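Next up, input_27.txt (compact mmCIF, C-alpha atoms):
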```txt
# COMPACT_ATOMS: atom_id res chain seq x y z
CA MET A 1273 -12.88 -15.76 13.78
CA PRO A 1274 -9.55 -16.77 12.24
CA GLU A 1275 -7.71 -14.68 9.65
CA ARG A 1276 -9.36 -16.23 6.65
CA GLY A 1277 -8.44 -16.91 3.08
CA HIS A 1278 -11.08 -16.39 0.42
CA HIS A 1279 -11.26 -17.57 -3.13
CA ASP A 1280 -14.67 -16.18 -4.08
CA ARG A 1281 -14.61 -13.57 -6.77
CA ALA A 1282 -16.98 -11.18 -5.00
CA THR A 1283 -14.52 -10.75 -2.11
CA ILE A 1284 -11.55 -10.55 -4.46
CA ASP A 1285 -13.20 -8.07 -6.83
CA ALA A 1286 -14.36 -5.74 -4.05
CA ILE A 1287 -10.78 -5.43 -2.79
CA LEU A 1288 -9.36 -4.95 -6.29
CA ASP A 1289 -12.01 -2.31 -7.05
CA GLU A 1290 -11.11 -0.25 -3.98
CA GLY A 1291 -7.33 -0.37 -4.41
CA LEU A 1292 -5.48 2.22 -6.44
CA VAL A 1293 -1.98 0.79 -6.40
CA CYS A 1294 -0.69 -2.76 -6.65
CA HIS A 1295 2.74 -4.13 -5.88
CA VAL A 1296 4.10 -6.24 -8.72
CA GLY A 1297 6.75 -8.84 -7.99
CA ILE A 1298 9.03 -9.94 -10.82
CA ILE A 1299 12.35 -11.73 -10.94
CA ASP A 1300 15.28 -9.76 -12.33
CA ASP A 1301 18.51 -10.96 -10.77
CA GLY A 1302 16.44 -11.68 -7.63
CA PRO A 1303 13.03 -10.53 -6.48
CA VAL A 1304 11.94 -6.99 -7.38
CA VAL A 1305 8.72 -5.36 -6.10
CA ILE A 1306 7.43 -2.28 -7.93
CA PRO A 1307 4.31 -0.24 -7.11
CA THR A 1308 2.09 0.82 -9.98
CA GLY A 1309 -1.48 1.88 -10.69
CA TYR A 1310 -4.03 -0.57 -12.03
CA VAL A 1311 -7.73 -1.04 -12.61
CA ARG A 1312 -9.87 -4.15 -12.74
CA ASP A 1313 -11.78 -4.75 -15.95
CA GLY A 1314 -13.86 -7.91 -15.67
CA ASP A 1315 -11.59 -10.93 -15.29
CA ARG A 1316 -8.34 -9.02 -15.64
CA LEU A 1317 -6.27 -6.21 -14.26
CA LEU A 1318 -5.11 -3.55 -16.70
CA LEU A 1319 -1.68 -2.02 -16.20
CA HIS A 1320 0.24 0.40 -18.33
CA GLY A 1321 3.47 2.33 -18.33
CA SER A 1322 6.39 3.46 -20.37
CA ARG A 1323 7.60 0.89 -22.89
CA ALA A 1324 11.10 1.65 -21.63
CA SER A 1325 10.39 0.69 -18.01
CA ARG A 1326 11.79 -2.51 -16.57
CA LEU A 1327 8.43 -3.48 -15.15
CA MET A 1328 6.53 -3.12 -18.42
CA ARG A 1329 9.22 -4.95 -20.38
CA HIS A 1330 9.03 -7.88 -17.98
CA LEU A 1331 5.24 -7.95 -17.97
CA ALA A 1332 4.89 -7.59 -21.74
CA ALA A 1333 7.34 -10.47 -22.19
CA GLY A 1334 5.03 -12.74 -20.19
CA GLN A 1335 7.48 -13.33 -17.36
CA PRO A 1336 5.94 -14.86 -14.22
CA ALA A 1337 4.68 -12.21 -11.84
CA CYS A 1338 2.81 -11.83 -8.57
CA ILE A 1339 0.49 -8.86 -8.02
CA THR A 1340 -0.62 -7.90 -4.53
CA VAL A 1341 -3.17 -5.27 -3.46
CA THR A 1342 -3.45 -4.34 0.21
CA LEU A 1343 -6.02 -2.15 1.98
CA LEU A 1344 -5.40 -1.15 5.60
CA ASP A 1345 -8.47 -0.87 7.82
CA ALA A 1346 -7.26 -0.50 11.40
CA LEU A 1347 -4.45 -0.80 13.90
CA VAL A 1348 -5.50 -3.41 16.47
CA LEU A 1349 -4.36 -2.70 20.04
CA ALA A 1350 -4.77 -5.82 22.16
CA ARG A 1351 -4.05 -6.39 25.84
CA SER A 1352 -0.90 -8.36 25.01
CA GLY A 1353 1.86 -7.40 22.60
CA PHE A 1354 1.44 -10.77 20.92
CA ASN A 1355 -2.14 -10.02 19.89
CA HIS A 1356 -1.47 -6.57 18.44
CA SER A 1357 -2.26 -6.68 14.75
CA MET A 1358 -3.87 -4.85 11.86
CA ASP A 1359 -7.23 -5.28 10.24
CA TYR A 1360 -6.66 -5.40 6.49
CA ARG A 1361 -7.87 -6.83 3.22
CA SER A 1362 -5.47 -8.10 0.57
CA VAL A 1363 -5.49 -9.96 -2.72
CA VAL A 1364 -2.62 -11.90 -4.25
CA LEU A 1365 -2.65 -12.83 -7.94
CA PHE A 1366 -0.22 -15.16 -9.66
CA GLY A 1367 0.27 -15.47 -13.39
CA ALA A 1368 1.72 -13.76 -16.42
CA ALA A 1369 0.66 -10.64 -18.25
CA ARG A 1370 -0.11 -10.32 -21.94
CA PRO A 1371 0.48 -7.19 -24.04
CA LEU A 1372 -2.62 -5.72 -25.68
CA ALA A 1373 -2.63 -4.40 -29.22
CA ASP A 1374 -5.47 -1.89 -29.16
CA LYS A 1375 -3.70 0.32 -26.69
CA GLU A 1376 -5.84 3.41 -27.13
CA ALA A 1377 -9.05 1.50 -26.39
CA VAL A 1378 -7.49 -0.04 -23.28
CA LEU A 1379 -6.20 3.29 -22.02
CA ARG A 1380 -9.72 4.63 -22.39
CA THR A 1381 -11.12 1.69 -20.41
CA TYR A 1382 -8.45 2.25 -17.78
CA LEU A 1383 -9.43 5.86 -17.24
CA GLU A 1384 -13.15 5.02 -17.34
CA ARG A 1385 -12.68 2.60 -14.45
CA LEU A 1386 -10.77 5.20 -12.46
CA LEU A 1387 -12.54 8.45 -13.40
CA PRO A 1388 -15.76 7.63 -15.30
CA GLY A 1389 -16.62 10.08 -18.04
CA ARG A 1390 -13.34 11.97 -17.99
CA TRP A 1391 -11.64 10.47 -21.07
CA ASP A 1392 -14.01 12.14 -23.54
CA THR A 1393 -13.36 15.56 -22.00
CA LEU A 1394 -9.57 15.38 -22.44
CA ARG A 1395 -7.21 16.51 -25.14
CA PRO A 1396 -7.22 13.44 -27.43
CA VAL A 1397 -4.35 11.00 -27.15
CA THR A 1398 -1.68 11.21 -29.87
CA ALA A 1399 -0.12 8.40 -31.89
CA GLN A 1400 3.22 9.27 -30.31
CA GLU A 1401 1.83 8.88 -26.79
CA VAL A 1402 0.27 5.53 -27.67
CA ALA A 1403 3.53 4.37 -29.21
CA ALA A 1404 5.47 5.23 -26.05
CA THR A 1405 3.06 3.27 -23.85
CA GLU A 1406 2.91 -0.42 -23.07
CA VAL A 1407 -0.49 -1.82 -22.05
CA VAL A 1408 -0.92 -5.28 -20.55
CA GLU A 1409 -3.63 -7.39 -18.98
CA PHE A 1410 -3.10 -9.73 -16.06
CA PRO A 1411 -5.61 -12.54 -15.48
CA ILE A 1412 -7.62 -12.83 -12.26
CA ASP A 1413 -7.27 -16.56 -12.23
CA LYS A 1414 -4.86 -17.83 -9.59
CA ALA A 1415 -6.23 -15.40 -7.03
CA SER A 1416 -6.83 -15.40 -3.31
CA ALA A 1417 -7.89 -12.82 -0.75
CA LYS A 1418 -7.06 -12.49 2.92
CA VAL A 1419 -9.34 -10.54 5.20
CA ARG A 1420 -8.77 -9.71 8.86
CA ALA A 1421 -11.76 -7.70 10.05
CA TYR A 1422 -12.43 -8.69 13.65
CA GLY A 1423 -10.46 -6.08 15.61
CA VAL A 1424 -9.21 -7.15 19.05
CA LYS A 1425 -9.05 -10.83 19.79
CA ASP A 1426 -7.43 -11.35 23.17
CA GLU A 1427 -6.86 -14.54 25.09
CA PRO A 1428 -9.79 -15.20 27.44
CA GLU A 1429 -7.45 -14.92 30.45
CA ASP A 1430 -6.31 -11.44 29.33
CA LEU A 1431 -9.75 -9.84 29.16
CA GLU A 1432 -9.52 -8.41 32.68
CA PHE A 1433 -6.00 -7.06 32.27
CA PRO A 1434 -6.19 -3.33 33.11
CA VAL A 1435 -5.17 -1.74 29.81
CA TRP A 1436 -7.24 -0.10 27.12
CA ALA A 1437 -7.86 -2.28 24.06
CA GLY A 1438 -9.45 -1.39 20.77
CA THR A 1439 -8.77 -0.24 17.25
CA ILE A 1440 -7.57 2.90 15.50
CA PRO A 1441 -9.46 2.96 12.18
CA LEU A 1442 -7.43 3.67 9.04
CA THR A 1443 -8.89 4.91 5.75
CA LEU A 1444 -7.42 6.19 2.52
CA ALA A 1445 -9.20 9.55 2.67
CA THR A 1446 -9.64 12.00 -0.19
CA GLY A 1447 -9.33 15.77 0.16
CA ALA A 1448 -11.17 18.43 -1.81
CA PRO A 1449 -9.98 18.69 -5.44
CA ARG A 1450 -7.18 21.26 -5.86
CA ALA A 1451 -6.98 23.08 -9.17
CA ALA A 1452 -3.62 23.21 -10.92
CA ALA A 1453 -1.98 26.61 -11.41
CA GLY A 1454 -3.81 28.66 -14.03
CA VAL A 1455 -7.02 26.62 -14.01
CA ALA A 1456 -10.03 28.95 -13.87
CA LEU A 1457 -12.68 26.26 -14.49
CA GLU A 1458 -14.68 24.84 -11.62
CA ALA A 1459 -13.86 21.25 -10.73
CA PRO A 1460 -16.57 18.83 -11.92
CA SER A 1461 -18.85 18.41 -8.92
CA ALA A 1462 -18.56 14.61 -8.98
CA LEU A 1463 -14.84 14.89 -8.27
CA ALA A 1464 -15.55 16.19 -4.78
CA ALA A 1465 -17.46 12.97 -4.11
CA TRP A 1466 -14.84 10.72 -5.69
CA ARG A 1467 -13.71 7.94 -3.36
CA PRO A 1468 -11.43 4.99 -4.09
CA SER A 1469 -14.30 2.57 -3.44
CA GLN A 1470 -16.97 4.57 -5.28
CA ARG A 1471 -15.95 5.40 -8.79
CA HIS A 1472 -19.27 4.97 -10.49
CA ALA A 1473 -20.54 8.55 -10.85
CA SER A 1474 -19.41 10.42 -13.94
CA THR A 1475 -16.57 12.77 -13.05
CA SER A 1476 -16.93 14.81 -16.24
CA SER A 1477 -19.48 17.33 -15.01
CA MET B 162 10.53 18.46 -12.30
CA PRO B 163 11.10 14.84 -13.33
CA GLU B 164 10.03 11.88 -11.22
CA ARG B 165 13.21 11.65 -9.24
CA GLY B 166 15.17 8.92 -7.58
CA HIS B 167 16.75 9.64 -4.23
CA HIS B 168 19.44 7.84 -2.34
CA ASP B 169 19.76 10.15 0.67
CA ARG B 170 18.82 8.55 3.95
CA ALA B 171 16.73 11.49 5.16
CA THR B 172 14.30 11.02 2.27
CA ILE B 173 14.33 7.24 2.61
CA ASP B 174 13.86 7.28 6.40
CA ALA B 175 10.98 9.77 6.30
CA ILE B 176 9.05 7.47 3.95
CA LEU B 177 9.87 4.35 5.97
CA ASP B 178 8.81 6.10 9.19
CA GLU B 179 5.40 7.05 7.78
CA GLY B 180 4.56 3.66 6.25
CA LEU B 181 2.78 0.96 8.23
CA VAL B 182 2.93 -1.90 5.77
CA CYS B 183 5.61 -3.08 3.39
CA HIS B 184 5.36 -5.50 0.48
CA VAL B 185 8.03 -8.19 0.64
CA GLY B 186 9.06 -9.96 -2.55
CA ILE B 187 10.62 -13.39 -2.27
CA ILE B 188 11.15 -16.23 -4.73
CA ASP B 189 9.29 -19.46 -4.04
CA ASP B 190 8.59 -21.25 -7.30
CA GLY B 191 8.36 -17.80 -8.89
CA PRO B 192 7.89 -14.33 -7.45
CA VAL B 193 5.68 -13.96 -4.35
CA VAL B 194 4.68 -10.60 -2.84
CA ILE B 195 3.37 -10.57 0.74
CA PRO B 196 2.22 -7.54 2.76
CA THR B 197 3.34 -7.28 6.35
CA GLY B 198 3.87 -4.71 9.09
CA TYR B 199 7.32 -3.31 9.84
CA VAL B 200 9.05 -0.53 11.71
CA ARG B 201 12.36 1.20 11.09
CA ASP B 202 14.93 1.02 13.87
CA GLY B 203 18.05 2.94 12.87
CA ASP B 204 19.68 1.31 9.86
CA ARG B 205 17.32 -1.62 9.67
CA LEU B 206 13.72 -2.62 9.31
CA LEU B 207 12.29 -4.97 11.92
CA LEU B 208 9.75 -7.57 10.81
CA HIS B 209 8.14 -10.36 12.73
CA GLY B 210 5.57 -13.07 12.30
CA SER B 211 4.70 -16.65 12.97
CA ARG B 212 7.67 -19.00 12.72
CA ALA B 213 5.40 -21.24 10.64
CA SER B 214 4.73 -18.65 7.94
CA ARG B 215 6.30 -18.97 4.53
CA LEU B 216 7.45 -15.37 4.58
CA MET B 217 9.24 -15.61 7.91
CA ARG B 218 10.86 -18.91 7.00
CA HIS B 219 12.26 -17.38 3.81
CA LEU B 220 13.45 -14.23 5.55
CA ALA B 221 15.01 -16.03 8.49
CA ALA B 222 16.90 -18.29 6.07
CA GLY B 223 18.52 -15.22 4.51
CA GLN B 224 16.94 -15.70 1.10
CA PRO B 225 17.24 -12.65 -1.20
CA ALA B 226 14.29 -10.31 -0.80
CA CYS B 227 13.00 -6.96 -1.96
CA ILE B 228 10.97 -4.77 0.39
CA THR B 229 8.87 -1.91 -0.97
CA VAL B 230 6.95 0.77 0.95
CA THR B 231 4.55 3.04 -0.94
CA LEU B 232 2.67 6.13 0.26
CA LEU B 233 -0.03 7.63 -1.98
CA ASP B 234 -0.38 11.41 -1.90
CA ALA B 235 -2.73 12.36 -4.75
CA LEU B 236 -4.49 11.42 -7.94
CA VAL B 237 -3.22 13.75 -10.66
CA LEU B 238 -5.81 14.76 -13.27
CA ALA B 239 -4.09 16.33 -16.25
CA ARG B 240 -5.54 17.77 -19.47
CA SER B 241 -4.45 14.70 -21.43
CA GLY B 242 -4.96 11.06 -20.54
CA PHE B 243 -1.23 10.52 -21.06
CA ASN B 244 -0.29 12.91 -18.25
CA HIS B 245 -2.69 11.52 -15.67
CA SER B 246 -0.66 10.13 -12.80
CA MET B 247 -0.34 9.86 -9.05
CA ASP B 248 1.80 11.76 -6.60
CA TYR B 249 3.46 9.21 -4.36
CA ARG B 250 6.56 8.39 -2.33
CA SER B 251 8.12 4.95 -2.34
CA VAL B 252 11.21 3.16 -1.08
CA VAL B 253 12.68 -0.06 -2.45
CA LEU B 254 15.19 -2.06 -0.41
CA PHE B 255 17.20 -5.03 -1.65
CA GLY B 256 19.04 -7.49 0.53
CA ALA B 257 18.59 -10.38 2.89
CA ALA B 258 17.17 -10.54 6.38
CA ARG B 259 18.86 -11.95 9.46
CA PRO B 260 17.07 -13.65 12.37
CA LEU B 261 17.52 -11.98 15.75
CA ALA B 262 18.10 -13.97 18.93
CA ASP B 263 16.82 -11.57 21.61
CA LYS B 264 13.29 -11.71 20.31
CA GLU B 265 11.56 -10.20 23.31
CA ALA B 266 13.77 -7.10 23.23
CA VAL B 267 13.13 -6.67 19.52
CA LEU B 268 9.38 -7.08 19.90
CA ARG B 269 9.50 -4.37 22.54
CA THR B 270 11.44 -2.09 20.20
CA TYR B 271 8.96 -2.86 17.44
CA LEU B 272 5.99 -1.78 19.53
CA GLU B 273 7.85 1.26 20.89
CA ARG B 274 8.38 2.51 17.32
CA LEU B 275 4.72 1.99 16.51
CA LEU B 276 2.99 2.91 19.78
CA PRO B 277 5.51 4.52 22.13
CA GLY B 278 5.01 3.71 25.80
CA ARG B 279 2.43 0.98 25.25
CA TRP B 280 4.62 -2.10 25.78
CA ASP B 281 5.08 -1.51 29.50
CA THR B 282 1.31 -1.27 30.01
CA LEU B 283 0.55 -4.65 28.46
CA ARG B 284 0.14 -8.13 29.84
CA PRO B 285 3.78 -9.36 29.73
CA VAL B 286 4.81 -11.56 26.84
CA THR B 287 5.11 -15.28 27.56
CA ALA B 288 7.91 -17.67 26.67
CA GLN B 289 5.45 -19.58 24.52
CA GLU B 290 4.55 -16.47 22.52
CA VAL B 291 8.22 -15.62 22.00
CA ALA B 292 8.93 -19.18 20.89
CA ALA B 293 6.16 -19.04 18.29
CA THR B 294 7.46 -15.79 16.81
CA GLU B 295 10.24 -15.20 14.31
CA VAL B 296 11.94 -11.80 14.41
CA VAL B 297 14.26 -10.57 11.67
CA GLU B 298 16.10 -7.42 10.69
CA PHE B 299 16.53 -6.21 7.12
CA PRO B 300 19.33 -3.76 6.34
CA ILE B 301 18.66 -0.31 4.89
CA ASP B 302 21.65 -0.53 2.63
CA LYS B 303 20.77 -1.08 -1.00
CA ALA B 304 17.95 1.45 -0.80
CA SER B 305 16.39 4.01 -3.08
CA ALA B 306 13.38 6.29 -2.91
CA LYS B 307 11.17 7.65 -5.66
CA VAL B 308 9.14 10.78 -5.08
CA ARG B 309 6.57 12.33 -7.40
CA ALA B 310 5.27 15.46 -5.71
CA TYR B 311 4.59 18.01 -8.42
CA GLY B 312 0.94 17.47 -9.25
CA VAL B 313 -0.19 18.30 -12.79
CA LYS B 314 2.49 18.63 -15.43
CA ASP B 315 0.85 19.15 -18.78
CA GLU B 316 2.42 19.78 -22.14
CA PRO B 317 2.76 23.54 -22.77
CA GLU B 318 0.44 23.25 -25.78
CA ASP B 319 -2.29 21.66 -23.61
CA LEU B 320 -2.52 24.40 -21.00
CA GLU B 321 -5.42 26.14 -22.75
CA PHE B 322 -7.41 22.96 -23.36
CA PRO B 323 -10.85 23.53 -21.77
CA VAL B 324 -10.92 20.85 -19.09
CA TRP B 325 -10.41 21.06 -15.34
CA ALA B 326 -6.99 19.90 -14.18
CA GLY B 327 -5.70 19.40 -10.67
CA THR B 328 -5.22 16.87 -7.92
CA ILE B 329 -7.37 14.87 -5.53
CA PRO B 330 -5.30 14.60 -2.32
CA LEU B 331 -5.04 11.17 -0.72
CA THR B 332 -4.09 10.54 2.92
CA LEU B 333 -4.11 7.50 5.17
CA ALA B 334 -6.44 9.02 7.75
CA THR B 335 -7.01 7.79 11.28
CA GLY B 336 -10.38 7.68 12.99
CA ALA B 337 -11.12 8.07 16.68
CA PRO B 338 -10.01 5.07 18.77
CA ARG B 339 -12.80 2.48 19.18
CA ALA B 340 -12.84 0.45 22.36
CA ALA B 341 -13.14 -3.31 22.08
CA ALA B 342 -16.24 -4.97 23.54
CA GLY B 343 -16.17 -4.92 27.33
CA VAL B 344 -13.51 -2.21 27.69
CA ALA B 345 -14.62 0.33 30.28
CA LEU B 346 -11.29 2.22 30.47
CA GLU B 347 -10.84 5.50 28.65
CA ALA B 348 -8.52 5.35 25.65
CA PRO B 349 -5.14 6.97 26.39
CA SER B 350 -5.50 10.53 25.15
CA ALA B 351 -2.40 10.29 22.96
CA LEU B 352 -4.09 7.59 20.87
CA ALA B 353 -6.58 10.10 19.53
CA ALA B 354 -3.64 12.09 18.17
CA TRP B 355 -1.81 9.07 16.78
CA ARG B 356 -0.92 9.47 13.12
CA PRO B 357 1.20 7.18 10.92
CA SER B 358 3.76 9.96 10.46
CA GLN B 359 3.75 11.16 14.09
CA ARG B 360 4.42 8.34 16.50
CA HIS B 361 6.53 10.21 19.01
CA ALA B 362 4.09 10.99 21.80
CA SER B 363 3.63 8.32 24.43
CA THR B 364 0.42 6.42 23.80
CA SER B 365 0.31 4.93 27.27
CA SER B 366 -1.55 7.71 29.03
```
Translate the structure described by the file into structure tokens.
Amino acid sequence: MPERGHHDRATIDAILDEGLVCHVGIIDDGPVVIPTGYVRDGDRLLLHGSRASRLMRHLAAGQPACITVTLLDALVLARSGFNHSMDYRSVVLFGAARPLADKEAVLRTYLERLLPGRWDTLRPVTAQEVAATEVVEFPIDKASAKVRAYGVKDEPEDLEFPVWAGTIPLTLATGAPRAAAGVALEAPSALAAWRPSQRHASTSS
Amino acid sequence: MPERGHHDRATIDAILDEGLVCHVGIIDDGPVVIPTGYVRDGDRLLLHGSRASRLMRHLAAGQPACITVTLLDALVLARSGFNHSMDYRSVVLFGAARPLADKEAVLRTYLERLLPGRWDTLRPVTAQEVAATEVVEFPIDKASAKVRAYGVKDEPEDLEFPVWAGTIPLTLATGAPRAAAGVALEAPSALAAWRPSQRHASTSS
């Protein structure tokens, strides 16, 4: 059960579809790593941000970038310090982004992937907001996943050592929706069931 | 309530002490971003890994690096698509790592920061394990934090728009400890109370 690399799209896509934040590496007088939201749409990630931001300027210019998504699943407590570890799933993408012209349509797709059904319930986007926003796609092309999912793996000669061994599971958990100040409406019932890995139900009602 | 940068060490250290994984950016034929565990020890991060790994070779050689830690706190659902966001806390460090000679002592410190009291209960580390491991420190020097913690911030003219607005809280939650196959011992009681942000209680009993 080694820590294994994967290049199949099913493994890669499942990790990308559960993650909420990626870490984007660019070069700007040395390496720079910036966290930002993203969604997967088919064979690409969609990212957006202020046109004024360093990250979006670099991405829109097609500079080389590396995008990494990491999901933590457990602390692994072995019988030796050496075999302590974490169970995790991660994806690393290499490539260059491309700016997209139909920004409003892409922003709609972005929100649909994150909160299905919500876009049509919102105050419509304005031309000024669209103008202030940069939207890019990043190809899922040079992509690989790493998955460690086997918990404790001790040396055979350590199995009788008298110390507890096991895992502490880790999950990105969601709490009950909290209304903003002044909101009298009930939260759409699907929002209470919203989970990072299950975004399929409409959150509009 | 803008999204604010912070340079005070109390803010930076609190984020670093809650995080379990950092994303390290290095340059190797372009930007590369690799997730790895870390702990904070005073004015430095401690990182370790296989001496054979690309990441550890780059870090031990003192190549320029950027280390980013990100904690997600909430999805923010505003009344406009434009004002949807996330509450989060992040730290970005720039600098270069330095290999440490007394590797066993540093590995002990590493585990003490993560699971206080556990090191002394474990099968002792071997010379071979120490030899296979690279241990580096990374200075907390060129460091900044970003904190968004204010939930929904809509335009004044959107406050009456008839859609629910609020947050979905996000937390890295821990489950009950799960014993590895063949472990008959009870888990140390402190492990059930272990949380990423509260690592002070001894986990050895």
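Between Leu1288 of chain A and the candidates A:Thr1308, A:Gln1400, A:Ser1469, A:Ser1474, the tightest atom-to-atom separation, counting all atoms listed in the file, involves A:Ser1469.
Within 10 Å of Ala1456 of chain A, once all atoms listed in the file are used and residues closer than 2 positions along the same chain are dropped, the contacting residues are Ala1451, Ala1452, Ala1453, Gly1454, Glu1458 and Ala1459 of chain A; Pro323, Val324, Trp325 and Ala326 of chain B.
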Test item: axis-aligned box, all listed atoms of segment 1317-1323 of chain A, 4 Å on each side, centre and edges in Å rounded to one decimal, as JSON:
```
{"center_x": 0.7, "center_y": -1.4, "center_z": -18.6, "size_x": 21.9, "size_y": 17.7, "size_z": 16.6}
```
Within 6 Å of chain A, which residues of chain B show up when using all atoms listed in the file, listed as an MDAnalysis selection string? chainID B and resid 186:187 192:194 226:227 240:241 283:284 325:336 338:341 346 348
Length of the atom CA of Arg360 of chain B to atom CA of Arg170 of chain B vector [Å]: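 Answer for the atom CA of Arg360 of chain B to atom CA of Arg170 of chain B separation: 19.1 Å.
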Val1408 of chain A: which residues within 6 Å, counting only C-alpha atoms, same-chain residues fewer than 3 positions away excluded, as a PDB file with C-alpha atoms, in the frame of the given file?
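So the final result, stored in out-v2.pdb, reads:
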```pdb
ATOM      1  CA  LEU A1318      -5.110  -3.550 -16.700  1.00  0.00           C
ATOM      2  CA  LEU A1319      -1.680  -2.020 -16.200  1.00  0.00           C
ATOM      3  CA  ARG A1370      -0.110 -10.320 -21.940  1.00  0.00           C
ATOM      4  CA  PRO A1371       0.480  -7.190 -24.040  1.00  0.00           C
ATOM      5  CA  LEU A1372      -2.620  -5.720 -25.680  1.00  0.00           C
TER       6      LEU A1372
END
```
Neighbour residues at most 6 Å from (-11.9, -18.4, 5.6) (all atoms listed in the file) as a CSV table (one decimal) with C-alpha atoms, in the coordinates of the input:
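Generated file (selection25.csv):
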```
chain,number,residue,atom,x,y,z
A,1276,ARG,CA,-9.4,-16.2,6.6
A,1277,GLY,CA,-8.4,-16.9,3.1
A,1278,HIS,CA,-11.1,-16.4,0.4
```
Check the smallest atom-to-atom distance from each of B:Arg218, B:Arg274, B:Arg201, B:His168 to Phe299 of chain B using only C-alpha atoms, then report the winner. B:Arg201
Under the rule that all atoms listed in the file are counted, which of B:Leu220, B:Ala351, B:Ala262, B:Ile301 is the nearest residue to Val200 of chain B?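 Comparing B:Leu220, B:Ala351, B:Ala262, B:Ile301 against Val200 of chain B, the winner is B:Ile301.
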In Å, with one decimal, what is the gap from atom CA of Pro277 of chain B to atom CA of Asp202 of chain B?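 Atom CA of Asp202 of chain B lies 13.0 Å from atom CA of Pro277 of chain B.
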